[in-house]
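Structure below is work21.csv: CSV, C-alpha atoms and all ligand atoms.
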```
chain,number,residue,atom,x,y,z
A,303,MET,CA,181.1,206.9,113.2
A,304,ALA,CA,182.6,208.5,116.3
A,305,ASN,CA,180.4,211.5,116.1
A,306,GLU,CA,177.3,209.6,115.3
A,307,ILE,CA,174.5,209.5,117.9
A,308,LYS,CA,173.2,206.1,118.7
A,309,PRO,CA,169.5,206.0,117.7
A,310,SER,CA,167.2,205.3,120.5
A,311,TRP,CA,165.7,202.3,118.7
A,312,LEU,CA,169.0,200.5,118.4
A,313,VAL,CA,169.1,197.5,120.7
A,314,GLU,CA,172.6,196.1,120.8
A,315,ASP,CA,173.1,194.6,124.3
A,316,LEU,CA,171.0,191.5,124.3
A,317,ARG,CA,174.0,189.1,124.3
A,318,HIS,CA,172.8,185.5,123.9
A,319,LEU,CA,169.1,186.7,123.8
A,320,GLY,CA,169.7,188.7,120.6
A,321,VAL,CA,171.5,188.8,117.3
A,322,GLY,CA,174.7,190.6,116.5
A,323,TYR,CA,175.7,193.3,114.0
A,324,ASN,CA,178.2,193.2,111.2
A,325,LYS,CA,181.2,195.4,110.7
A,326,VAL,CA,181.8,195.7,106.9
A,327,GLU,CA,185.5,195.4,107.4
A,328,ASP,CA,185.1,191.9,108.9
A,329,PHE,CA,184.0,190.6,105.5
A,330,ALA,CA,185.6,189.7,102.2
A,331,PRO,CA,185.5,192.5,99.5
A,332,PRO,CA,182.5,191.7,97.3
A,333,PRO,CA,183.5,190.2,93.9
A,334,GLU,CA,183.4,192.7,91.1
A,335,SER,CA,181.4,190.3,89.0
A,336,SER,CA,178.5,191.0,91.3
A,337,HIS,CA,178.4,194.7,90.7
A,338,GLY,CA,175.2,195.7,88.9
A,339,ALA,CA,173.3,199.0,88.5
A,340,LEU,CA,173.3,199.4,92.3
A,341,PHE,CA,177.0,200.3,92.1
A,342,MET,CA,176.5,202.5,89.0
A,343,GLN,CA,174.7,205.5,90.5
A,344,ASP,CA,174.6,207.3,87.2
A,345,ARG,CA,172.2,204.5,86.0
A,346,ILE,CA,169.7,204.8,88.8
A,347,LYS,CA,169.8,208.5,89.7
A,348,LYS,CA,166.3,209.0,88.2
A,349,GLY,CA,164.9,206.1,90.3
A,350,TYR,CA,165.2,203.4,87.6
A,351,HIS,CA,167.3,202.0,84.9
A,352,VAL,CA,165.7,200.5,81.8
A,353,GLU,CA,167.5,198.5,79.2
A,354,GLU,CA,166.4,196.5,76.1
A,355,VAL,CA,167.6,192.9,76.5
A,356,LYS,CA,166.5,191.9,73.0
A,357,ASP,CA,163.5,191.9,70.6
A,358,GLY,CA,161.4,194.5,72.5
A,359,LEU,CA,161.9,192.9,75.9
A,360,TYR,CA,163.1,195.3,78.5
A,361,TRP,CA,164.7,194.9,82.0
A,362,VAL,CA,164.0,197.5,84.6
A,363,THR,CA,165.8,197.9,87.9
A,364,SER,CA,165.4,200.2,90.8
A,365,GLY,CA,168.9,199.4,91.9
A,366,TRP,CA,167.7,196.6,94.1
A,367,TYR,CA,164.4,195.3,92.7
A,368,ASP,CA,164.0,194.2,89.1
A,369,CYS,CA,161.2,193.4,86.7
A,370,MET,CA,160.6,193.3,82.9
A,371,PHE,CA,158.2,194.4,80.2
A,372,ILE,CA,157.6,193.4,76.5
A,373,ARG,CA,156.5,195.5,73.6
A,374,THR,CA,154.2,193.5,71.4
A,375,GLY,CA,153.2,196.1,68.8
A,376,ALA,CA,149.6,195.8,70.2
A,377,GLY,CA,150.3,196.8,73.8
A,378,VAL,CA,152.9,196.3,76.5
A,379,VAL,CA,153.0,193.2,78.8
A,380,VAL,CA,154.5,193.9,82.2
A,381,MET,CA,155.8,191.3,84.6
A,382,ASP,CA,155.9,192.4,88.2
A,383,ALA,CA,155.7,195.9,89.7
A,384,PRO,CA,158.0,196.1,92.8
A,385,PRO,CA,157.0,199.0,95.1
A,386,ALA,CA,160.7,200.0,95.0
A,387,LEU,CA,160.1,200.9,91.4
A,388,GLY,CA,156.5,202.0,91.8
A,389,GLU,CA,155.4,204.7,89.4
A,390,ASN,CA,158.9,204.9,88.0
A,391,LEU,CA,158.0,201.8,86.2
A,392,LEU,CA,155.4,203.8,84.2
A,393,ALA,CA,158.2,206.3,83.4
A,394,ALA,CA,160.5,203.5,82.2
A,395,ILE,CA,157.8,202.1,79.9
A,396,GLU,CA,156.9,205.6,78.6
A,397,GLU,CA,160.6,206.2,77.9
A,398,THR,CA,160.6,203.3,75.4
A,399,THR,CA,157.2,203.2,73.8
A,400,ASP,CA,153.8,204.9,73.3
A,401,GLU,CA,152.0,201.5,73.4
A,402,PRO,CA,149.6,201.2,76.4
A,403,VAL,CA,150.0,198.5,79.0
A,404,THR,CA,147.5,195.8,78.2
A,405,HIS,CA,148.6,192.8,80.3
A,406,PHE,CA,150.1,192.4,83.8
A,407,ILE,CA,151.7,189.1,84.9
A,408,TYR,CA,152.2,188.2,88.6
A,409,SER,CA,155.4,186.1,89.1
A,410,HIS,CA,154.1,185.4,92.6
A,411,TRP,CA,152.0,187.1,95.3
A,412,HIS,CA,154.7,188.6,97.4
A,413,ALA,CA,154.3,192.4,98.0
A,414,ASP,CA,157.9,193.2,97.5
A,415,HIS,CA,157.6,192.2,93.8
A,416,VAL,CA,154.0,193.1,92.9
A,417,GLY,CA,153.0,195.6,95.6
A,418,ALA,CA,152.6,198.3,92.9
A,419,ALA,CA,150.5,196.2,90.6
A,420,VAL,CA,147.6,198.7,91.1
A,421,ILE,CA,149.4,201.5,89.1
A,422,PHE,CA,148.2,199.9,85.8
A,423,GLY,CA,144.6,200.6,86.6
A,424,ASP,CA,141.6,198.3,86.1
A,425,LYS,CA,141.7,198.0,82.3
A,426,VAL,CA,144.7,195.7,82.0
A,427,LYS,CA,144.3,191.9,82.0
A,428,ARG,CA,145.8,190.5,85.2
A,429,ILE,CA,147.4,187.1,84.8
A,430,GLY,CA,148.7,184.9,87.5
A,431,HIS,CA,148.7,181.4,88.9
A,432,GLU,CA,145.5,180.2,90.6
A,433,LYS,CA,147.4,179.9,93.9
A,434,THR,CA,148.4,183.6,93.6
A,435,ARG,CA,144.7,184.4,93.1
A,436,ASP,CA,143.7,182.3,96.1
A,437,LEU,CA,146.3,184.0,98.3
A,438,LEU,CA,145.3,187.5,97.2
A,439,GLU,CA,141.7,186.7,97.8
A,440,ARG,CA,142.5,185.3,101.2
A,441,PHE,CA,144.8,188.2,102.2
A,442,PRO,CA,143.4,191.2,100.2
A,443,ASP,CA,145.6,194.2,99.4
A,444,PRO,CA,144.3,197.1,97.4
A,445,ASN,CA,147.8,197.5,95.9
A,446,ARG,CA,147.7,193.9,94.6
A,447,PRO,CA,144.4,193.4,92.8
A,448,VAL,CA,143.4,189.8,92.4
A,449,PRO,CA,144.4,188.3,89.0
A,450,ASN,CA,141.4,187.9,86.7
A,451,GLU,CA,143.0,185.3,84.4
A,452,THR,CA,144.5,182.3,86.0
A,453,PHE,CA,146.0,178.9,85.1
A,454,SER,CA,147.0,175.8,87.1
A,455,LYS,CA,150.0,174.3,85.3
A,456,ASP,CA,151.0,175.8,82.0
A,457,ALA,CA,149.7,178.6,79.8
A,458,THR,CA,150.9,180.3,76.6
A,459,LEU,CA,150.0,183.9,75.8
A,460,ASP,CA,150.2,184.9,72.2
A,461,ILE,CA,149.8,188.7,72.0
A,462,ASN,CA,150.2,190.0,68.4
A,463,GLY,CA,152.5,187.1,67.6
A,464,VAL,CA,154.7,187.5,70.8
A,465,LYS,CA,154.6,184.3,72.7
A,466,ILE,CA,155.0,184.2,76.5
A,467,GLU,CA,155.1,180.8,78.2
A,468,LEU,CA,154.0,180.6,81.8
A,469,SER,CA,154.7,177.5,83.9
A,470,TYR,CA,154.1,176.4,87.4
A,471,LYS,CA,156.2,173.4,88.5
A,472,GLY,CA,155.1,173.3,92.1
A,473,GLN,CA,155.9,175.2,95.3
A,474,ASN,CA,159.4,176.5,95.6
A,475,HIS,CA,160.1,180.0,96.9
A,476,CYS,CA,156.4,180.1,97.6
A,477,GLU,CA,153.1,178.7,96.3
A,478,GLY,CA,152.2,180.0,92.9
A,479,ASN,CA,155.7,181.2,91.9
A,480,ILE,CA,155.8,180.7,88.2
A,481,PHE,CA,158.5,180.7,85.5
A,482,ILE,CA,157.9,183.3,82.7
A,483,TYR,CA,159.7,182.4,79.4
A,484,VAL,CA,159.8,184.5,76.3
A,485,PRO,CA,161.2,182.2,73.6
A,486,LYS,CA,162.2,184.7,70.9
A,487,PRO,CA,164.7,186.7,72.9
A,488,LYS,CA,165.3,183.6,75.0
A,489,VAL,CA,164.7,185.4,78.3
A,490,LEU,CA,163.5,183.6,81.4
A,491,ALA,CA,162.2,185.3,84.6
A,492,ALA,CA,162.8,183.1,87.6
A,493,ILE,CA,161.9,185.4,90.4
A,494,ASP,CA,163.4,184.8,93.8
A,495,ILE,CA,165.2,181.7,92.5
A,496,ALA,CA,168.1,182.9,90.4
A,497,SER,CA,170.5,185.5,92.0
A,498,PRO,CA,173.3,186.3,89.5
A,499,GLY,CA,176.6,187.0,91.1
A,500,TRP,CA,175.1,187.1,94.6
A,501,ILE,CA,174.4,184.7,97.4
A,502,THR,CA,170.7,183.9,97.8
A,503,PHE,CA,169.2,186.0,100.5
A,504,ARG,CA,168.9,184.5,104.0
A,505,ASP,CA,166.9,181.3,104.4
A,506,CYS,CA,167.3,180.7,100.7
A,507,ASP,CA,165.3,183.8,99.9
A,508,SER,CA,162.7,182.9,102.6
A,509,SER,CA,161.7,179.9,100.6
A,510,GLU,CA,158.8,177.9,101.8
A,511,ASN,CA,159.9,174.6,100.2
A,512,MET,CA,163.6,173.9,100.2
A,513,SER,CA,163.3,170.8,98.0
A,514,GLY,CA,161.3,172.7,95.4
A,515,TYR,CA,163.7,175.6,95.6
A,516,VAL,CA,166.8,173.4,94.9
A,517,ASP,CA,164.9,171.6,92.1
A,518,ALA,CA,164.0,175.0,90.5
A,519,PHE,CA,167.6,175.5,89.4
A,520,ASP,CA,167.4,172.4,87.3
A,521,GLN,CA,164.0,173.4,86.0
A,522,VAL,CA,165.4,176.8,85.0
A,523,LEU,CA,168.3,175.2,83.2
A,524,ALA,CA,165.9,173.0,81.2
A,525,TYR,CA,164.8,176.1,79.4
A,526,ASP,CA,166.6,177.3,76.3
A,527,PHE,CA,167.4,180.8,77.7
A,528,ASP,CA,170.3,183.2,77.3
A,529,THR,CA,169.2,185.8,80.0
A,530,VAL,CA,167.7,185.2,83.4
A,531,ILE,CA,165.8,187.9,85.3
A,532,SER,CA,165.9,187.3,89.0
A,533,GLY,CA,163.8,190.1,90.5
A,534,HIS,CA,166.8,191.3,92.6
A,535,VAL,CA,170.5,192.2,92.6
A,536,SER,CA,170.3,194.9,89.9
A,537,LYS,CA,171.9,192.8,87.2
A,538,ILE,CA,170.7,190.2,84.7
A,539,GLY,CA,172.6,186.9,84.3
A,540,GLY,CA,173.2,184.1,81.9
A,541,ARG,CA,173.1,180.3,82.2
A,542,ASP,CA,176.5,180.3,84.0
A,543,ALA,CA,175.0,182.3,86.9
A,544,VAL,CA,172.2,179.7,87.4
A,545,VAL,CA,174.8,176.9,87.2
A,546,GLU,CA,176.8,178.7,89.9
A,547,GLY,CA,173.8,179.2,92.1
A,548,ARG,CA,172.9,175.5,91.8
A,549,GLU,CA,176.4,174.5,92.8
A,550,TYR,CA,176.2,176.6,96.0
A,551,MET,CA,172.8,175.1,96.8
A,552,HIS,CA,174.1,171.5,96.2
A,553,ASP,CA,177.0,172.2,98.6
A,554,LEU,CA,174.6,173.4,101.2
A,555,VAL,CA,172.4,170.3,100.8
A,556,ASP,CA,175.3,167.9,100.9
A,557,TYR,CA,177.0,169.5,103.9
A,558,SER,CA,173.6,169.7,105.7
A,559,ARG,CA,173.1,166.0,105.3
A,560,GLU,CA,176.6,165.4,106.5
A,561,ALA,CA,176.0,167.6,109.6
A,562,LEU,CA,172.8,165.7,110.4
A,563,GLU,CA,174.6,162.4,110.1
A,564,THR,CA,177.7,163.5,112.0
A,565,ILE,CA,176.7,165.7,114.9
A,566,ASP,CA,175.8,163.9,118.0
A,567,PHE,CA,172.7,165.4,119.7
A,568,GLU,CA,173.5,163.5,122.8
A,569,TYR,CA,176.6,165.6,123.3
A,570,PHE,CA,174.3,168.5,123.9
A,571,VAL,CA,171.7,166.6,125.9
A,572,LYS,CA,174.4,165.8,128.5
A,573,GLN,CA,174.7,169.6,129.0
A,574,LEU,CA,171.3,169.6,130.7
A,575,GLY,CA,172.6,167.7,133.7
A,576,THR,CA,170.3,166.6,136.5
A,577,GLY,CA,169.8,169.9,138.3
A,578,LYS,CA,167.4,172.8,137.8
A,579,TYR,CA,168.3,173.2,134.1
A,580,ARG,CA,167.4,169.6,133.3
A,581,ALA,CA,164.4,170.7,131.3
A,582,ALA,CA,166.2,173.5,129.4
A,583,PHE,CA,165.6,171.6,126.2
A,584,ARG,CA,165.2,174.6,124.0
A,585,ALA,CA,168.7,175.9,125.0
A,586,ILE,CA,170.5,172.7,124.0
A,587,GLU,CA,168.3,172.3,121.0
A,588,GLU,CA,169.5,175.7,119.8
A,589,ASN,CA,173.1,174.6,120.5
A,590,TYR,CA,172.6,171.5,118.4
A,591,PHE,CA,171.2,173.5,115.5
A,592,ASN,CA,174.0,176.1,115.8
A,593,ALA,CA,176.5,173.3,115.7
A,594,CYS,CA,175.0,172.0,112.5
A,595,ALA,CA,174.9,175.5,111.0
A,596,ASN,CA,178.5,176.2,112.0
A,597,PHE,CA,179.6,172.8,110.6
A,598,VAL,CA,178.0,173.6,107.2
A,599,THR,CA,179.1,177.2,107.2
A,600,LYS,CA,182.7,176.3,107.8
A,601,LYS,CA,182.7,173.6,105.1
A,602,ILE,CA,181.1,176.1,102.6
A,603,LEU,CA,183.5,178.9,103.4
A,604,ASP,CA,186.6,176.7,103.4
A,605,LYS,CA,185.7,175.0,100.2
A,606,VAL,CA,187.7,175.5,97.0
A,607,THR,CA,184.9,175.3,94.5
A,608,SER,CA,184.7,174.0,90.9
A,609,ASN,CA,186.5,176.9,89.4
A,610,GLY,CA,189.3,177.0,91.9
A,611,LYS,CA,187.8,179.9,93.9
A,612,LYS,CA,186.1,180.1,97.2
A,613,TRP,CA,182.5,181.0,97.5
A,614,THR,CA,183.3,184.5,98.9
A,615,GLU,CA,185.3,185.2,95.7
A,616,ARG,CA,182.3,184.1,93.5
A,617,LEU,CA,179.1,185.3,95.2
A,618,ASN,CA,178.6,188.6,96.9
A,619,GLY,CA,177.6,188.1,100.5
A,620,ALA,CA,178.6,184.5,100.8
A,621,ASP,CA,180.3,185.2,104.2
A,622,VAL,CA,177.3,187.1,105.6
A,623,MET,CA,174.5,184.9,104.5
A,624,THR,CA,175.8,181.4,104.6
A,625,LYS,CA,175.1,180.9,108.3
A,626,HIS,CA,171.4,181.7,107.7
A,627,ASN,CA,171.2,179.5,104.6
A,628,ALA,CA,173.0,176.7,106.5
A,629,PHE,CA,170.5,176.8,109.4
A,630,TYR,CA,167.6,176.9,107.0
A,631,VAL,CA,168.9,174.0,104.8
A,632,VAL,CA,169.8,171.8,107.8
A,633,GLU,CA,166.3,172.3,109.3
A,634,LYS,CA,164.5,171.8,105.9
A,635,THR,CA,166.7,168.8,105.1
A,636,ARG,CA,165.7,167.3,108.5
A,637,LEU,CA,162.0,167.9,107.7
A,638,GLU,CA,161.8,167.3,103.9
A,639,ARG,CA,164.6,165.0,102.9
A,640,HIS,CA,166.4,163.3,105.8
A,641,HIS,CA,165.7,159.8,107.0
A,642,ASN,CA,167.4,158.2,110.0
A,643,GLY,CA,165.0,155.3,110.5
A,644,TYR,CA,162.6,155.0,113.5
A,645,VAL,CA,162.4,153.4,116.8
A,646,LYS,CA,161.9,149.7,116.8
A,647,ARG,CA,159.4,148.1,119.1
A,648,GLY,CA,160.6,147.8,122.7
A,649,ASN,CA,163.5,150.3,122.3
A,650,ILE,CA,163.8,153.8,123.6
A,651,HIS,CA,164.5,156.6,121.3
A,652,PRO,CA,168.0,157.7,121.4
A,653,PRO,CA,168.5,161.2,120.1
A,654,LYS,CA,169.9,160.1,116.8
A,655,PHE,CA,166.5,158.6,116.1
A,656,TYR,CA,164.7,161.5,117.5
A,657,PHE,CA,166.3,163.8,114.9
B,701,ZN,ZN,159.1,186.5,96.9
```

Represent the structure from my file as structure tokens, please.
Ligand SMILES: [Zn+2]
Amino acid sequence: MANEIKPSWLVEDLRHLGVGYNKVEDFAPPPESSHGALFMQDRIKKGYHVEEVKDGLYWVTSGWYDCMFIRTGAGVVVMDAPPALGENLLAAIEETTDEPVTHFIYSHWHADHVGAAVIFGDKVKRIGHEKTRDLLERFPDPNRPVPNETFSKDATLDINGVKIELSYKGQNHCEGNIFIYVPKPKVLAAIDIASPGWITFRDCDSSENMSGYVDAFDQVLAYDFDTVISGHVSKIGGRDAVVEGREYMHDLVDYSREALETIDFEYFVKQLGTGKYRAAFRAIEENYFNACANFVTKKILDKVTSNGKKWTERLNGADVMTKHNAFYVVEKTRLERHHNGYVKRGNIHPPKFYF
């Protein structure tokens, strides 16, 4: 590092106005159980790794973005086309079959998972949730053509006897994010929900609805599946990976509720004083939320979990990401799930009621 020239774009002196940078040696060594194709360079040196899970269903990974396709004997059904795989996804399919791609399924509308959907041309049937269609009509992208077959709750495809069940159980990670279940090989795609061996990305994978995101783990486990495809982390997982992710989420929710019930906002309000900073509400508001996030983060990282290990020994990145997930779950709990009563007539609103 000593000889490295600092890039001109690197801003690192913003102190309290900015955010800091990590040193890898400050963190716990990532658990070996999290090592997927990303750490097996021989697997992804051609830009992709393709592997049959079972019964003609294939998992493809770029080393960081994952998707799947199914051979039906009458054409290939593809689910998702991350730009990180791009046209390498065509190579992966051609490596395993001469069948043409006939169907494309959108798990959800996010560009990082379907931003190469255009590579299959205009002859394929494009299937997605009606909210995915609405979003892609509202925010058009030539690389993400609008689905031409949509559904609102559940749909079953039967292509040459291969059944694929699509289900929308409400907003979680985003509107229109569906579960895609293939019963014969017992494979379930739960994109941006499951995260085998890894901590969920910051803000619980940028999820729009925390309550829906937490519920999604139970919805996943209600399926009779052996393999889950998550869209990320360059590895597939089993039921135990989803159970593990659910336990981490429940810890976050429980400790966030405890933080909201324990931490005294008035402690921070007093810091405003009566002088020229008396209206610096945003500053103490941030201190309050930081206190909540630190409270949750410490509880999570100190906890001896259900199998006797700490979260940093179970999930890759637990120490890096927990503070972001803690802030997110505290804030979403306050908005979606928390209830501290309301001001009664004639009273003023002490902060514990305000929050
Ligand atoms: Zn997404």

- Dig up all the protein and nucleic acid residues within 12 Å of (148.5, 187.4, 95.3) in the file frame, using only C-alpha atoms, and format them as a PyMOL selection string. chain A and resi 382+407-419+428-450+452+476-479

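Among the candidates A:Arg584, A:Ser558, A:Arg647, A:Val606, the residue lying nearest to Phe629 (chain A) is A:Ser558 (atoms considered: only C-alpha atoms).
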
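Between CA of Trp500 (chain A) and CA of Ser513 (chain A) there is a distance of 20.4 Å.
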
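CA of Asp505 (chain A) sits 27.8 Å away from CA of Tyr350 (chain A).
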
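Restricting the calculation to only C-alpha atoms and all ligand atoms, the smallest distance between ligand ZN 701 (chain B) and any of A:Gly358, A:Gly533, A:Gly619, A:Pro485 is found for A:Gly533.
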
- Message: I'd like the contact shell of region 460-475 of chain A - 8 Å cut-off, only C-alpha atoms, skipping same-chain residues fewer than 5 positions apart - returned as a ChimeraX atom specification.
- Response: /A:374-376,431,454-455,480-486,494-495,507-515,518
